[in-house]
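Pasted below: entry.cif, mmCIF, C-alpha atoms and all ligand atoms.
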data_final
#
loop_
_atom_site.label_atom_id
_atom_site.label_comp_id
_atom_site.auth_asym_id
_atom_site.auth_seq_id
_atom_site.Cartn_x
_atom_site.Cartn_y
_atom_site.Cartn_z
CA MET C 14 6.71 -16.73 12.93
CA ALA C 15 8.17 -14.25 15.41
CA GLU C 16 11.21 -16.30 16.46
CA GLU C 17 12.47 -16.51 12.85
CA ARG C 18 12.40 -12.76 12.27
CA GLU C 19 15.49 -11.23 10.72
CA ASN C 20 16.50 -7.61 10.93
CA CYS C 21 16.75 -6.24 7.40
CA GLY C 22 17.38 -2.68 8.54
CA LEU C 23 14.24 -0.96 7.35
CA GLN C 24 10.84 -0.34 8.86
CA HIS C 25 8.39 0.60 6.17
CA VAL C 26 8.16 -0.64 2.57
CA ALA C 27 5.62 0.67 0.04
CA ILE C 28 4.87 -1.30 -3.12
CA ILE C 29 3.23 -0.37 -6.41
CA MET C 30 2.29 -3.86 -7.55
CA ASP C 31 2.11 -3.50 -11.30
CA GLY C 32 2.12 -5.85 -14.27
CA ASN C 33 -0.79 -8.21 -13.51
CA GLY C 34 -2.34 -7.59 -16.92
CA ARG C 35 0.90 -8.17 -18.84
CA TRP C 36 1.59 -11.34 -16.82
CA ALA C 37 -1.81 -12.72 -17.88
CA LYS C 38 -1.39 -11.60 -21.50
CA LYS C 39 1.91 -13.47 -21.78
CA ARG C 40 0.03 -16.63 -20.80
CA PHE C 41 -2.97 -15.98 -23.07
CA LEU C 42 -5.12 -15.65 -19.95
CA PRO C 43 -7.73 -12.98 -19.16
CA ARG C 44 -6.37 -9.97 -17.22
CA ASN C 45 -8.36 -11.04 -14.18
CA ALA C 46 -6.26 -14.20 -13.89
CA GLY C 47 -3.28 -11.89 -13.40
CA HIS C 48 -5.09 -10.02 -10.65
CA ALA C 49 -6.03 -13.29 -8.93
CA GLN C 50 -2.42 -14.47 -8.97
CA GLY C 51 -1.31 -11.00 -7.84
CA SER C 52 -3.54 -11.18 -4.81
CA ARG C 53 -2.04 -14.56 -3.80
CA VAL C 54 1.39 -12.97 -4.01
CA VAL C 55 0.24 -10.20 -1.64
CA GLU C 56 -0.63 -12.75 1.05
CA GLN C 57 2.77 -14.42 0.75
CA ILE C 58 4.71 -11.14 0.68
CA CYS C 59 3.03 -10.00 3.92
CA GLU C 60 4.48 -13.04 5.67
CA ASP C 61 7.88 -12.73 4.02
CA ALA C 62 8.12 -9.01 4.78
CA TYR C 63 7.37 -9.54 8.44
CA ASN C 64 9.84 -12.42 8.72
CA LEU C 65 12.53 -10.22 7.17
CA GLY C 66 11.98 -7.64 9.90
CA ILE C 67 9.69 -5.17 8.13
CA LYS C 68 7.14 -3.59 10.45
CA TYR C 69 4.96 -1.59 8.00
CA LEU C 70 3.94 -2.63 4.50
CA THR C 71 1.78 -0.44 2.26
CA ILE C 72 0.53 -1.70 -1.10
CA TYR C 73 -1.29 0.01 -3.94
CA ALA C 74 -4.30 -2.12 -4.81
CA PHE C 75 -6.62 0.32 -6.64
CA SER C 76 -6.00 3.93 -7.60
CA THR C 77 -8.45 6.82 -7.99
CA GLU C 78 -7.59 6.58 -11.71
CA ASN C 79 -8.31 2.83 -12.01
CA TRP C 80 -12.07 3.53 -12.24
CA THR C 81 -11.41 4.39 -15.90
CA ARG C 82 -10.78 0.69 -16.68
CA PRO C 83 -13.54 -1.40 -18.31
CA LYS C 84 -16.40 -2.12 -15.91
CA GLU C 85 -15.77 -5.91 -15.96
CA GLU C 86 -12.21 -5.39 -14.80
CA VAL C 87 -13.21 -2.93 -12.05
CA ASP C 88 -15.90 -5.37 -10.88
CA ALA C 89 -13.41 -8.25 -10.84
CA LEU C 90 -10.91 -6.18 -8.83
CA MET C 91 -13.62 -5.21 -6.32
CA ASP C 92 -14.62 -8.88 -5.99
CA LEU C 93 -11.02 -9.81 -5.29
CA LEU C 94 -10.85 -7.11 -2.62
CA ARG C 95 -14.09 -8.42 -1.10
CA LYS C 96 -12.59 -11.91 -0.94
CA TYR C 97 -9.38 -10.52 0.48
CA MET C 98 -11.19 -8.75 3.36
CA LYS C 99 -13.04 -11.94 4.24
CA THR C 100 -10.08 -14.32 4.19
CA SER C 101 -7.94 -11.79 6.06
CA LEU C 102 -10.30 -11.85 9.04
CA GLU C 103 -9.03 -15.30 10.04
CA ARG C 104 -5.49 -14.88 8.75
CA SER C 105 -4.90 -11.63 10.61
CA LYS C 106 -5.90 -13.38 13.83
CA LYS C 107 -3.46 -16.20 13.17
CA ASN C 108 -0.49 -14.07 12.17
CA ASN C 109 -1.22 -11.09 14.46
CA MET C 110 -1.39 -8.70 11.46
CA ARG C 111 -3.05 -5.30 11.71
CA VAL C 112 -4.83 -4.13 8.55
CA ARG C 113 -5.74 -0.57 7.63
CA VAL C 114 -7.25 0.60 4.35
CA ILE C 115 -6.13 3.97 3.03
CA GLY C 116 -7.91 5.96 0.32
CA ASP C 117 -11.43 7.28 -0.02
CA VAL C 118 -13.49 4.22 0.88
CA SER C 119 -16.76 6.19 0.74
CA ARG C 120 -16.98 5.49 -3.02
CA LEU C 121 -16.86 1.70 -2.55
CA ASP C 122 -19.94 -0.53 -2.36
CA ALA C 123 -21.56 -0.56 1.09
CA ASP C 124 -20.84 -4.26 1.72
CA LEU C 125 -17.15 -3.80 0.91
CA GLN C 126 -16.98 -0.78 3.22
CA GLU C 127 -18.55 -2.91 5.95
CA SER C 128 -16.00 -5.76 5.44
CA ILE C 129 -13.18 -3.21 5.60
CA ARG C 130 -14.49 -1.77 8.88
CA GLU C 131 -14.87 -5.24 10.32
CA LEU C 132 -11.32 -6.28 9.39
CA GLU C 133 -9.82 -2.99 10.61
CA GLN C 134 -11.62 -3.23 13.92
CA SER C 135 -10.94 -6.89 14.55
CA SER C 136 -7.23 -6.46 13.81
CA ALA C 137 -6.75 -3.05 15.46
CA ASN C 138 -4.89 -4.39 18.49
CA ASN C 139 -2.64 -6.82 16.62
CA THR C 140 1.06 -6.13 17.06
CA GLY C 141 2.64 -8.02 14.13
CA LEU C 142 2.90 -6.58 10.61
CA PHE C 143 1.02 -3.28 10.14
CA PHE C 144 -0.39 -3.75 6.66
CA GLN C 145 -1.92 -0.86 4.74
CA VAL C 146 -3.93 -1.48 1.58
CA ALA C 147 -4.56 1.50 -0.69
CA ILE C 148 -8.02 1.27 -2.26
CA ASN C 149 -9.51 4.13 -4.27
CA TYR C 150 -6.33 5.87 -3.19
CA GLY C 151 -4.80 8.89 -4.91
CA GLY C 152 -2.09 11.00 -3.34
CA ARG C 153 -3.56 14.26 -4.58
CA ASP C 154 -6.97 13.20 -3.31
CA GLU C 155 -5.48 12.34 0.10
CA ILE C 156 -3.79 15.75 0.36
CA LEU C 157 -7.00 17.51 -0.68
CA ARG C 158 -9.10 15.54 1.84
CA ALA C 159 -6.55 16.37 4.54
CA ALA C 160 -6.66 20.06 3.59
CA LYS C 161 -10.46 20.06 3.76
CA LYS C 162 -10.48 18.53 7.25
CA LEU C 163 -7.83 20.99 8.33
CA ALA C 164 -9.84 23.93 6.97
CA GLN C 165 -12.88 22.74 8.91
CA ASP C 166 -10.87 22.51 12.13
CA ALA C 167 -9.37 25.93 11.47
CA ALA C 168 -12.82 27.42 10.97
CA LYS C 169 -13.83 25.95 14.35
CA GLY C 170 -10.72 27.46 15.93
CA LYS C 171 -9.22 24.02 16.72
CA VAL C 172 -5.99 24.71 14.81
CA SER C 173 -4.16 27.87 13.97
CA PRO C 174 -3.14 28.07 10.27
CA GLU C 175 -0.25 30.38 11.17
CA GLN C 176 1.30 27.90 13.58
CA LEU C 177 0.58 24.71 11.63
CA THR C 178 3.55 22.34 11.36
CA GLN C 179 4.16 19.48 8.91
CA GLU C 180 3.65 17.03 11.78
CA GLN C 181 0.25 18.52 12.62
CA PHE C 182 -0.82 18.54 8.96
CA TYR C 183 0.27 14.91 8.59
CA ARG C 184 -2.20 13.91 11.30
CA TYR C 185 -4.98 14.54 8.76
CA PHE C 186 -3.55 12.02 6.31
CA ASP C 187 -4.87 8.47 5.87
CA THR C 188 -1.43 7.15 6.86
CA ALA C 189 -1.14 9.28 10.03
CA ASP C 190 0.63 7.76 13.04
CA ILE C 191 3.09 5.64 11.12
CA PRO C 192 6.53 6.55 9.76
CA TYR C 193 7.06 7.44 6.11
CA PRO C 194 8.18 4.58 3.84
CA ASP C 195 11.95 3.97 3.73
CA LEU C 196 11.70 2.17 0.41
CA LEU C 197 9.33 2.21 -2.57
CA ILE C 198 9.25 -0.80 -4.88
CA ARG C 199 7.55 -0.72 -8.27
CA THR C 200 7.34 -3.85 -10.39
CA SER C 201 6.88 -4.31 -14.15
CA GLY C 202 9.40 -1.77 -15.39
CA GLU C 203 7.35 1.43 -15.11
CA LYS C 204 9.21 4.27 -13.43
CA ARG C 205 6.49 6.57 -12.17
CA LEU C 206 4.53 7.16 -8.97
CA SER C 207 1.05 7.02 -10.54
CA ASN C 208 -0.25 9.19 -7.67
CA PHE C 209 0.99 6.90 -4.88
CA LEU C 210 1.96 8.51 -1.55
CA PRO C 211 3.57 11.68 -3.00
CA TRP C 212 3.89 13.39 0.41
CA GLN C 213 5.10 10.30 2.27
CA LEU C 214 7.65 9.23 -0.38
CA ALA C 215 9.37 12.63 -0.56
CA TYR C 216 12.62 11.20 0.88
CA SER C 217 12.28 7.47 0.27
CA GLU C 218 14.63 5.30 -1.78
CA PHE C 219 13.10 4.01 -5.03
CA TYR C 220 13.64 0.50 -6.42
CA PHE C 221 12.34 -0.46 -9.86
CA THR C 222 12.32 -3.98 -11.25
CA ASP C 223 11.12 -5.50 -14.54
CA VAL C 224 9.65 -8.47 -12.66
CA LEU C 225 5.86 -8.53 -13.05
CA TRP C 226 3.92 -8.47 -9.78
CA PRO C 227 2.52 -12.03 -10.04
CA ASP C 228 6.14 -13.28 -10.30
CA PHE C 229 7.36 -11.25 -7.31
CA ASN C 230 8.57 -13.28 -4.35
CA LYS C 231 10.73 -13.25 -1.24
CA LYS C 232 13.96 -13.38 -3.27
CA GLU C 233 12.94 -10.28 -5.23
CA LEU C 234 12.03 -8.54 -1.98
CA GLN C 235 15.45 -9.39 -0.61
CA LYS C 236 17.06 -7.88 -3.73
CA ALA C 237 15.14 -4.65 -3.15
CA ILE C 238 16.24 -4.62 0.50
CA ALA C 239 19.87 -5.21 -0.51
CA TYR C 240 19.61 -2.26 -2.90
CA TYR C 241 18.17 -0.13 -0.08
CA ASN C 242 20.98 -1.13 2.25
CA SER C 243 23.55 -0.11 -0.39
CA ARG C 244 22.22 3.45 -0.52
CA ASP C 245 23.47 6.40 1.48
CA ARG C 246 20.45 8.39 2.70
CA ARG C 247 21.65 11.95 3.13
CA PHE C 248 18.35 13.80 3.64
CA GLY C 249 19.91 16.92 2.21
CA GLY C 250 23.05 16.73 4.35
CA ILE C 251 26.51 15.69 3.15
C1 LIG A 1 -1.55 -3.76 -11.38
O1 LIG A 1 -1.53 -4.47 -12.57
C2 LIG A 1 -2.82 -3.98 -10.59
C3 LIG A 1 -3.76 -2.85 -10.60
C4 LIG A 1 -3.58 -1.69 -11.16
C5 LIG A 1 -5.00 -3.06 -9.92
P1 LIG A 1 -2.09 -3.86 -13.91
O2 LIG A 1 -3.53 -4.27 -14.08
O3 LIG A 1 -1.86 -2.40 -13.98
O4 LIG A 1 -1.20 -4.63 -14.97
P2 LIG A 1 -0.60 -4.02 -16.33
O5 LIG A 1 0.14 -2.78 -15.98
O6 LIG A 1 -1.76 -3.76 -17.22
O7 LIG A 1 0.28 -5.11 -16.84
C1 LIG A 2 -0.81 1.96 -10.43
O1 LIG A 2 -0.75 1.10 -11.51
C2 LIG A 2 -2.00 1.63 -9.58
C3 LIG A 2 -1.92 0.36 -8.85
C4 LIG A 2 -0.92 -0.45 -8.85
C5 LIG A 2 -3.09 0.05 -8.06
P1 LIG A 2 -1.39 1.48 -12.93
O2 LIG A 2 -1.08 0.37 -13.84
O3 LIG A 2 -2.81 1.84 -12.76
O4 LIG A 2 -0.57 2.80 -13.28
P2 LIG A 2 -0.30 3.48 -14.70
O5 LIG A 2 -1.62 3.60 -15.39
O6 LIG A 2 0.63 2.57 -15.43
O7 LIG A 2 0.34 4.78 -14.36
MG MG A 3 -0.35 -1.26 -14.70
#
Hey, can you dump this file as structure tokens for me?
Amino acid sequence: MAEERENCGLQHVAIIMDGNGRWAKKRFLPRNAGHAQGSRVVEQICEDAYNLGIKYLTIYAFSTENWTRPKEEVDALMDLLRKYMKTSLERSKKNNMRVRVIGDVSRLDADLQESIRELEQSSANNTGLFFQVAINYGGRDEILRAAKKLAQDAAKGKVSPEQLTQEQFYRYFDTADIPYPDLLIRTSGEKRLSNFLPWQLAYSEFYFTDVLWPDFNKKELQKAIAYYNSRDRRFGGI
């Protein structure tokens, strides 16, 4: 895989994979069929992203708000995530991928938490794609959890609130240690963040497409990258 890698000019891509339900509805299939197809697309996009030269990929798999869906759908999504953690154990070895789950995993079933720990630990030293999966993730929740940990450290005298910098605060985030996303992609035509990485995406480029997530592929990813490369990132300068 490594020898074919291109250099697409960006390091970190974040994706809100949306539209699984509508994809299934169009085909008169149950919503879960859309999620199953969506999860196959994730596996392919990880490979494509790495081959295009992307180092970090972060995808939104389940939000803190998605618990409000019908129980059967939540259960089906959790089962897909279970399966994903298991199959990724072997795959991450083969393709040298490092996997990290972001979000509050403490609310997930114990066996899923265990599979996540196992996958994270077994892939921790891999040097290929750094893949982050957001599960029970909410940006406001992440900021609040970071603030709580910070407050505890401040109470112990480990940090000084007066001298705190953005870099120090960011160390308390789930995504600490890796650069902010350069590009956010959202599929299915919605143009909102839905609580995804609000701190980290503060200066990212945003790309929206009507393509539904189960139809997303390497060509669509290349279109998003081409859009990114056409932008002038000024970061407040001129
Ligand atoms: C995105 O697809 C996947 C998750 C939120 C888990 P949706 O399930 O939101 O699909 P639509 O938006 O209903 O089409
Ligand atoms: C965002 O999609 C969450 C994930 C992709 C996991 P939703 O479909 O849940 O977002 P809303 O409800 O349209 O904002
Ligand atoms: Mg949706």
Cut-off 8 Å: closest chain C/ligand MG 3 (chain A) atom pairs per residue, using all atoms listed in the file, as CSV:
residue,atom,partner,partner_atom,distance
C:Asp31,CA,A:MG3,MG,4.8
C:Gly32,CA,A:MG3,MG,5.2
C:Asn33,CA,A:MG3,MG,7.1
C:Gly34,CA,A:MG3,MG,7.0
C:Ser201,CA,A:MG3,MG,7.9
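Contacts with ligand LIG 2 (chain A) are defined as any residue atom within 6 Å of a ligand atom, using all atoms listed in the file; the residues meeting this criterion are C:Ile29, C:Met30, C:Asp31, C:Tyr73, C:Ala74, C:Phe75, C:Ser76, C:Asn79, C:Ser207.
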Take every atom of segment 31-45 of chain C listed in the file, pad by 4 Å on each side, and give me the axis-aligned box centre and edge lengths in Å, one decimal, as AutoDock Vina command-line options.
--center_x -3.1 --center_y -10.1 --center_z -17.2 --size_x 18.5 --size_y 21.1 --size_z 19.8
Fill in: Selection near Asp122 of chain C, 12 Å with all atoms listed in the file, sequence-local residues under 3 positions removed, as a ChimeraX atom specification
/C:88,91-92,94-95,117-119,125-129,149
Discussion item. Set the distance at 8 Å and use only C-alpha atoms: which residues neighbour Ser217 of chain C once local chain neighbours fewer than 3 positions away are removed? I'd like the list as a ChimeraX atom specification.
Written reply: /C:193-197,213-214
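Interatomic distance, atom CA of Phe186 of chain C against atom CA of Leu210 of chain C: 10.2 Å.
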Sorted by chain and rising residue number, list the residues of segment 78-153 of chain C at most 10 Å from segment 54-72 of chain C (counting all atoms listed in the file), each with its closest atom pair and distance in Å to one decimal, as JSON lines.
{"residue": "C:Tyr97", "atom": "CA", "partner": "C:Glu56", "partner_atom": "CA", "distance": 9.0}
{"residue": "C:Ser101", "atom": "CA", "partner": "C:Glu56", "partner_atom": "CA", "distance": 8.9}
{"residue": "C:Arg104", "atom": "CA", "partner": "C:Glu56", "partner_atom": "CA", "distance": 9.4}
{"residue": "C:Asn108", "atom": "CA", "partner": "C:Glu60", "partner_atom": "CA", "distance": 8.2}
{"residue": "C:Met110", "atom": "CA", "partner": "C:Cys59", "partner_atom": "CA", "distance": 8.8}
{"residue": "C:Arg111", "atom": "CA", "partner": "C:Tyr69", "partner_atom": "CA", "distance": 9.6}
{"residue": "C:Val112", "atom": "CA", "partner": "C:Leu70", "partner_atom": "CA", "distance": 9.8}
{"residue": "C:Arg113", "atom": "CA", "partner": "C:Thr71", "partner_atom": "CA", "distance": 9.2}
{"residue": "C:Val114", "atom": "CA", "partner": "C:Thr71", "partner_atom": "CA", "distance": 9.3}
{"residue": "C:Ile115", "atom": "CA", "partner": "C:Thr71", "partner_atom": "CA", "distance": 9.1}
{"residue": "C:Thr140", "atom": "CA", "partner": "C:Lys68", "partner_atom": "CA", "distance": 9.3}
{"residue": "C:Gly141", "atom": "CA", "partner": "C:Lys68", "partner_atom": "CA", "distance": 7.3}
{"residue": "C:Leu142", "atom": "CA", "partner": "C:Lys68", "partner_atom": "CA", "distance": 5.2}
{"residue": "C:Phe143", "atom": "CA", "partner": "C:Tyr69", "partner_atom": "CA", "distance": 4.8}
{"residue": "C:Phe144", "atom": "CA", "partner": "C:Leu70", "partner_atom": "CA", "distance": 5.0}
{"residue": "C:Gln145", "atom": "CA", "partner": "C:Thr71", "partner_atom": "CA", "distance": 4.5}
{"residue": "C:Val146", "atom": "CA", "partner": "C:Ile72", "partner_atom": "CA", "distance": 5.2}
{"residue": "C:Ala147", "atom": "CA", "partner": "C:Ile72", "partner_atom": "CA", "distance": 6.0}
{"residue": "C:Ile148", "atom": "CA", "partner": "C:Ile72", "partner_atom": "CA", "distance": 9.1}
Fill in: Counting all atoms listed in the file, the option among C:Gln50, C:Ser173, C:Leu132, C:Ala27 closest to Phe219 of chain C
C:Ala27
Fill in: Given all atoms listed in the file as the counted atoms, nearest of C:Arg199, C:Arg44, C:Lys96, C:Arg246 to Tyr216 of chain C
C:Arg246
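The smallest atom-to-atom distance between Tyr183 of chain C and any of C:Ala164, C:Leu206, C:Ala159, C:Ile198, using only C-alpha atoms, is found for C:Ala159.
Our summary of the geometry notes that atom CA of Phe221 of chain C is positioned 17.3 Å from atom CA of Asp245 of chain C.
Put simply, atom CA of Thr200 of chain C is 5.6 Å away from atom CA of Leu225 of chain C.
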Discussion item. The residues within 6 Å of (15.0, -3.5, 3.0), using only C-alpha atoms and the coordinates of the file, should be reported as a ChimeraX atom specification; which are they?
Written reply: /C:21,23,238,241
Worksheet, complete the sentence: ligand LIG 1 (chain A) proximity check over C:Gly249, C:Pro83, C:Pro211, C:Gly152, using all atoms listed in the file: winner is C:Pro83
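Minimum distance to ligand LIG 1 (chain A) across C:Asn242, C:Asn208, C:Gln134, C:Asn109 (counting only C-alpha atoms and all ligand atoms) occurs at C:Asn208.
Nearest-residue note for ligand LIG 1 (chain A): choosing from C:Arg205, C:Lys99, C:Lys171, C:Arg130, the minimum distance belongs to C:Arg205, counting only C-alpha atoms and all ligand atoms.
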Practice prompt. For a cut-off of 8 Å around (-9.9, -10.4, -9.9), file coordinates, pick out all residues using all atoms listed in the file and list them as a PyMOL selection string.
Written response: chain C and resi 45-49+86+88-93
